[in-house]
Amino acid sequence: MNFSAEEFKRQFPLFAQPENLQLTYLDNAATSQKPQAVIDAICDFYLHSNANTHRSSHRLARRATEMLERVRGQAAAFLNAVSTREIVFCRGATEALNLLANSLCSGLQAGDEIVISTAEHHANIVPWQMMAQRFQLTLRYVPEVAGIPEFDRLEEVLNPRTRIVSLTAGSNALGLRPDLEDIARQLRERDLYWIVDGAQLAAHEPVDVQKIGCDFFVCSAHKFYGPSGIGLLYGRESLLEAMPPWQGGGEMIAEVDLYGCHYAGLPHKFEAGTSSLAAIAGLGAALEFIAAQDRAAMAAHEQALMTLLHRELAALPTVRVISQPQHNLGIAAFAPISGSAADLMHWLDGRDIAVRAGHHCAQPLIRAAGETATVRASFAAYNTRGDVETLVQALRDYAEVVGTPAMELCQQGSDW
Ligand code: PMP
């Protein structure tokens with residue numbers, strides 16, 4: 001296996017800062033840390049290329065525009081899109097989903113149906129609820145048992161009125177992964193739009209939108225070692241061509257007069273206003289950085305950490321484990337048997353272990369798991385066995401103190 005997590009980690013300067021030397025960062029499903037190359041690219045953009053793109057034609061503007069279009073090409077390669085016209089820069093997966101919801105639903109008829117699942121992030125629930133209300137559409141859910149979707153039964157909720165199916169490629173709360181091939185099989189020959197929320201997937205394995213066969217795919221750069229404020233929407237060219245833009249403004253028009261306008265061609269029609277240019281430069285560096293890695297080895301490393309952590313968690317009588325190790329999106333979810341997830345998170349924070357507690361923007365799924373909140377430890381490729389051991393030791397120590405009366409903890413000067 002051609003991958004060393006320790007060497008990989010050295011490329012992330014946050015971990016070398018004096019205040020972070022003891023940090024165990026296990027909140028990667030929320031956002032990953034950034035390698036030096038990404039930080040440098042952002043800085044380099046402001047030092048050497050800062051100008052607005054497309055509008056002007058002076059030397060700096062040309063340089064910035066060339067950078068933006070070069071990164072679009074890298075993004076097309078990253079997702080294996082057919083053409084750069086299929087890549088729209090967005091603020092992130094959330095904005096991409098809102099764009100799709102607004103644009104696609106404006107062409108639907110009252111009574112048309114949208115299918116999502118209980119495993120979706122709120123970003124793939126709320127925009128559809130808003131559109132359902134605005135256009136009198138019907139929102140349906142993939143069949144579920146105790147709130148956990150059974151994606152192999154997707155067909156049961158499809159009918160001729162189904163116009164949109166928007167499903168996760170991997171749940172950020174539990175790491176649940178639908179079989180995309182099986183979904184493609186169930187959707188074959190149906191006249192509907194298939195959207196894949198790949199926000200969690202893109203960090204962990206190569207994406208091939210042509211192989212998946214979806215119509216649209218969304219992801220956020222900050223989850224795969226890139227900057228925040230930039231994400232990708234992939235859409236089949238013929239579909240994007242036929243869709244109305246969502247936001248209006250500069251850059252997305254060919255011509256404007258007093259009472260109307262002609263839109264620009266793809267993909268600019270969907271990119272109103274000034275894009276996050278420095279973030280796009282950082283995204284370019286992130287894509288180059290990822291392309292240089294042995295991704296299969298990275299995934300195997302993350303999976304080994306998942307398996308190890310789940311084995312250790314299973315042996316701890318003080319936590320209830322909700323996630324399953326075979327999901328390879330690097331997500332472990334558990335809840336303390338006594339006390340709250342938030343208390344446990346704060347305890348771990350006191351040990352400089354960064355995990356997340358709460359509903360993870362996936363309330364329907366967390367409720368289905370019978371919890372109001374869970375603790376989530378999520379991995380990136382720079383995590384090590386040492387990180388797992390640190391977490392597990394802290395959980396053992398927590399188990400010992402959790403029975404201790406609060407008064408005593410105060411006297412011990414605990415970080416409760
Ligand atoms: N979908 C999933 C599965 C996610 O995990 C997230 C981020 N937690 C999003 C959508 C939204 O991504 P962003 O906040 O970057 O727009």
# chains A, B, ... in the order shown; residues from 1 in each chain; ligands from 1
call {"tool": "residues_around", "arguments": {"residues": "range 211-227 of chain A", "least_positions_apart": "3", "cutoff": "8 Å", "atoms": "only C-alpha atoms", "output": "PDB file with C-alpha atoms, in the first residue's frame"}}
result
ATOM      1  CA  ASN A  28     -13.820  15.867   8.791  1.00  0.00           C
ATOM      2  CA  ALA A  29     -17.369  15.192   7.637  1.00  0.00           C
ATOM      3  CA  ALA A  30     -18.082  18.797   8.642  1.00  0.00           C
ATOM      4  CA  THR A  31     -14.979  20.118   6.921  1.00  0.00           C
ATOM      5  CA  SER A  32     -11.475  18.897   6.184  1.00  0.00           C
ATOM      6  CA  GLN A  33      -8.242  20.726   6.905  1.00  0.00           C
ATOM      7  CA  LYS A  34      -6.355  22.311   4.012  1.00  0.00           C
ATOM      8  CA  PRO A  35      -2.956  21.330   2.643  1.00  0.00           C
ATOM      9  CA  VAL A  38      -4.352  25.042  -1.229  1.00  0.00           C
ATOM     10  CA  ARG A  91     -20.964  28.256  -3.169  1.00  0.00           C
ATOM     11  CA  GLY A  92     -21.268  24.612  -2.136  1.00  0.00           C
ATOM     12  CA  ALA A  93     -23.557  21.595  -2.246  1.00  0.00           C
ATOM     13  CA  ALA A  96     -26.145  23.724  -5.948  1.00  0.00           C
ATOM     14  CA  LEU A  97     -29.207  21.913  -4.551  1.00  0.00           C
ATOM     15  CA  LEU A 180     -25.889   3.916  -6.839  1.00  0.00           C
ATOM     16  CA  GLU A 181     -25.831   1.193  -9.480  1.00  0.00           C
ATOM     17  CA  ALA A 184     -29.601   3.719 -11.670  1.00  0.00           C
ATOM     18  CA  TYR A 193     -34.267  14.018 -13.169  1.00  0.00           C
ATOM     19  CA  TRP A 194     -31.870  12.088 -10.931  1.00  0.00           C
ATOM     20  CA  ILE A 195     -29.792  14.225  -8.572  1.00  0.00           C
ATOM     21  CA  VAL A 196     -26.951  12.774  -6.492  1.00  0.00           C
ATOM     22  CA  ASP A 197     -25.825  14.617  -3.362  1.00  0.00           C
ATOM     23  CA  GLY A 198     -22.151  13.689  -3.364  1.00  0.00           C
ATOM     24  CA  ALA A 199     -21.052  16.060  -0.584  1.00  0.00           C
ATOM     25  CA  GLN A 200     -19.673  13.213   1.536  1.00  0.00           C
ATOM     26  CA  ALA A 202     -16.220  13.096  -3.194  1.00  0.00           C
ATOM     27  CA  ALA A 203     -13.672  13.194  -0.349  1.00  0.00           C
ATOM     28  CA  HIS A 204     -13.433   9.446  -0.108  1.00  0.00           C
ATOM     29  CA  ASP A 208     -17.469   9.222 -12.319  1.00  0.00           C
ATOM     30  CA  ILE A 230     -16.880  26.890  -3.475  1.00  0.00           C
ATOM     31  CA  GLY A 231     -18.650  23.801  -4.731  1.00  0.00           C
ATOM     32  CA  LEU A 232     -19.522  22.045  -7.936  1.00  0.00           C
ATOM     33  CA  LEU A 233     -22.732  21.352  -9.738  1.00  0.00           C
ATOM     34  CA  TYR A 234     -22.453  18.841 -12.558  1.00  0.00           C
ATOM     35  CA  GLY A 235     -25.398  18.668 -14.933  1.00  0.00           C
ATOM     36  CA  ARG A 236     -25.925  16.895 -18.235  1.00  0.00           C
ATOM     37  CA  LEU A 239     -30.576  19.415 -19.371  1.00  0.00           C
ATOM     38  CA  ALA A 279     -11.578  29.840  -3.538  1.00  0.00           C
ATOM     39  CA  GLY A 282      -7.727  26.952  -4.011  1.00  0.00           C
ATOM     40  CA  LEU A 283     -10.067  24.358  -5.481  1.00  0.00           C
ATOM     41  CA  ALA A 285      -4.849  23.262  -6.024  1.00  0.00           C
ATOM     42  CA  ALA A 286      -7.020  20.801  -4.072  1.00  0.00           C
ATOM     43  CA  LEU A 287      -7.915  18.921  -7.249  1.00  0.00           C
TER      44      LEU A 287
END
call {"tool": "select_by_dssp", "arguments": {"residues": "range 97-187 of chain A", "states": "strand (DSSP E or B)", "output": "ChimeraX atom specification"}}
result
/A:113-116,138-141,144-145,148-149,162-168
call {"tool": "write_last_selection", "arguments": {"atoms": "C-alpha atoms", "output": "CSV table (one decimal), in the first residue's frame"}}
result
chain,number,residue,atom,x,y,z
A,113,GLU,CA,-43.8,14.5,-7.4
A,114,ILE,CA,-40.3,14.7,-5.9
A,115,VAL,CA,-38.6,11.7,-4.2
A,116,ILE,CA,-36.0,12.1,-1.4
A,138,THR,CA,-45.9,16.3,-3.6
A,139,LEU,CA,-42.8,15.2,-1.6
A,140,ARG,CA,-42.3,11.5,-1.2
A,141,TYR,CA,-39.8,9.5,0.7
A,144,GLU,CA,-38.1,3.1,5.1
A,145,VAL,CA,-38.1,0.8,8.1
A,148,ILE,CA,-33.9,4.0,7.7
A,149,PRO,CA,-34.4,4.2,3.9
A,162,THR,CA,-42.4,11.5,-10.3
A,163,ARG,CA,-40.3,14.2,-11.9
A,164,ILE,CA,-37.3,14.5,-9.5
A,165,VAL,CA,-35.4,11.9,-7.5
A,166,SER,CA,-32.8,13.6,-5.3
A,167,LEU,CA,-30.8,11.2,-3.1
A,168,THR,CA,-27.6,11.2,-1.1
call {"tool": "closest_residue", "arguments": {"among": "A:His122, A:His48, A:Arg320, A:His301", "to": "Thr384 in chain A", "atoms": "only C-alpha atoms"}}
result
A:His301
call {"tool": "closest_residue", "arguments": {"among": "A:Pro160, A:Gly358, A:Gly229, A:Pro178", "to": "ligand 1", "atoms": "only C-alpha atoms and all ligand atoms"}}
result
A:Gly229
call {"tool": "residues_around", "arguments": {"residues": "Ala291 in chain A", "least_positions_apart": "3", "cutoff": "10 Å", "atoms": "only C-alpha atoms", "output": "list in words"}}
result
Gln74, Ala77, Phe78, Pro206, Ala285, Ala286, Leu287, Glu288, Asp294 and Arg295 of chain A
call {"tool": "residues_around", "arguments": {"residues": "Phe8 in chain A", "least_positions_apart": "5", "cutoff": "8 Å", "atoms": "only C-alpha atoms", "output": "VMD selection string"}}
result
chain A and resid 3 381 to 382
call {"tool": "write_last_selection", "arguments": {"atoms": "C-alpha atoms", "output": "PDB file, in the first residue's frame"}}
result
ATOM      1  CA  PHE A   3       0.146   5.611   1.535  1.00  0.00           C
ATOM      2  CA  ALA A 381      -6.789  10.371   5.260  1.00  0.00           C
ATOM      3  CA  TYR A 382      -4.464  12.257   7.655  1.00  0.00           C
TER       4      TYR A 382
END
call {"tool": "select_by_dssp", "arguments": {"residues": "range 16-219 of chain A", "states": "helix (DSSP H, G or I)", "output": "MDAnalysis selection string"}}
result
chainID A and resid 16 18:20 36:49 59:79 84:86 93:105 122:124 126:135 151:157 180:187 209:212
call {"tool": "residues_around", "arguments": {"residues": "Leu391 in chain A", "least_positions_apart": "3", "cutoff": "10 Å", "atoms": "only C-alpha atoms", "output": "ChimeraX atom specification"}}
result
/A:24,26,309,312-313,348,351-355,377,385-388,394-397
call {"tool": "atom_distance", "arguments": {"atom1": "CA of Met298 in chain A", "atom2": "CA of His327 in chain A"}}
result
14.8 Å
call {"tool": "residues_around", "arguments": {"residues": "Val71 in chain A", "least_positions_apart": "5", "cutoff": "8 Å", "atoms": "only C-alpha atoms", "output": "ChimeraX atom specification"}}
result
/A:280-281,283-284
call {"tool": "write_last_selection", "arguments": {"atoms": "C-alpha atoms", "output": "PDB file, in the first residue's frame"}}
result
ATOM      1  CA  ILE A 280     -11.658  28.602  -7.130  1.00  0.00           C
ATOM      2  CA  ALA A 281      -7.865  28.985  -7.236  1.00  0.00           C
ATOM      3  CA  LEU A 283     -10.067  24.358  -5.481  1.00  0.00           C
ATOM      4  CA  GLY A 284      -7.702  23.986  -8.438  1.00  0.00           C
TER       5      GLY A 284
END
call {"tool": "residues_around", "arguments": {"residues": "Gln324 in chain A", "least_positions_apart": "5", "cutoff": "10 Å", "atoms": "only C-alpha atoms", "output": "list in words"}}
result
Leu174, Gly175, Leu176, Met306, Thr307, His310, Ile331, Ala332 and Ala333 of chain A
call {"tool": "write_last_selection", "arguments": {"atoms": "N, CA, C and O atoms", "output": "compact mmCIF listing (two decimals), in the first residue's frame"}}
result
# COMPACT_ATOMS: atom_id res chain seq x y z
N LEU A 174 -24.76 9.11 9.45
CA LEU A 174 -24.49 7.71 9.80
C LEU A 174 -23.56 7.00 8.83
O LEU A 174 -23.21 5.85 9.04
N GLY A 175 -23.21 7.68 7.75
CA GLY A 175 -22.36 7.02 6.75
C GLY A 175 -23.10 6.03 5.86
O GLY A 175 -22.48 5.36 5.04
N LEU A 176 -24.42 5.95 6.00
CA LEU A 176 -25.22 5.04 5.14
C LEU A 176 -24.95 5.32 3.68
O LEU A 176 -24.94 6.48 3.27
N MET A 306 -11.83 3.02 10.38
CA MET A 306 -13.25 2.82 10.69
C MET A 306 -13.47 1.48 11.39
O MET A 306 -14.19 1.38 12.38
N THR A 307 -12.86 0.46 10.82
CA THR A 307 -13.02 -0.89 11.37
C THR A 307 -12.47 -0.94 12.79
O THR A 307 -13.11 -1.46 13.71
N HIS A 310 -14.73 1.03 15.23
CA HIS A 310 -15.98 0.33 15.53
C HIS A 310 -15.74 -0.88 16.44
O HIS A 310 -16.57 -1.18 17.30
N ILE A 331 -17.26 7.65 8.69
CA ILE A 331 -18.15 8.25 9.69
C ILE A 331 -18.52 7.22 10.77
O ILE A 331 -19.04 6.14 10.46
N ALA A 332 -18.23 7.57 12.02
CA ALA A 332 -18.65 6.74 13.16
C ALA A 332 -19.60 7.57 14.01
O ALA A 332 -19.29 8.71 14.36
N ALA A 333 -20.76 7.01 14.31
CA ALA A 333 -21.74 7.74 15.13
C ALA A 333 -22.11 6.90 16.33
O ALA A 333 -22.33 5.69 16.22
call {"tool": "closest_residue", "arguments": {"among": "A:Ala335, A:Val209, A:Ala132, A:Ile290", "to": "Leu316 in chain A", "atoms": "only C-alpha atoms"}}
result
A:Ala335
call {"tool": "closest_residue", "arguments": {"among": "A:Glu19, A:Glu66, A:Glu400, A:Glu237", "to": "Arg85 in chain A", "atoms": "only C-alpha atoms"}}
result
A:Glu237
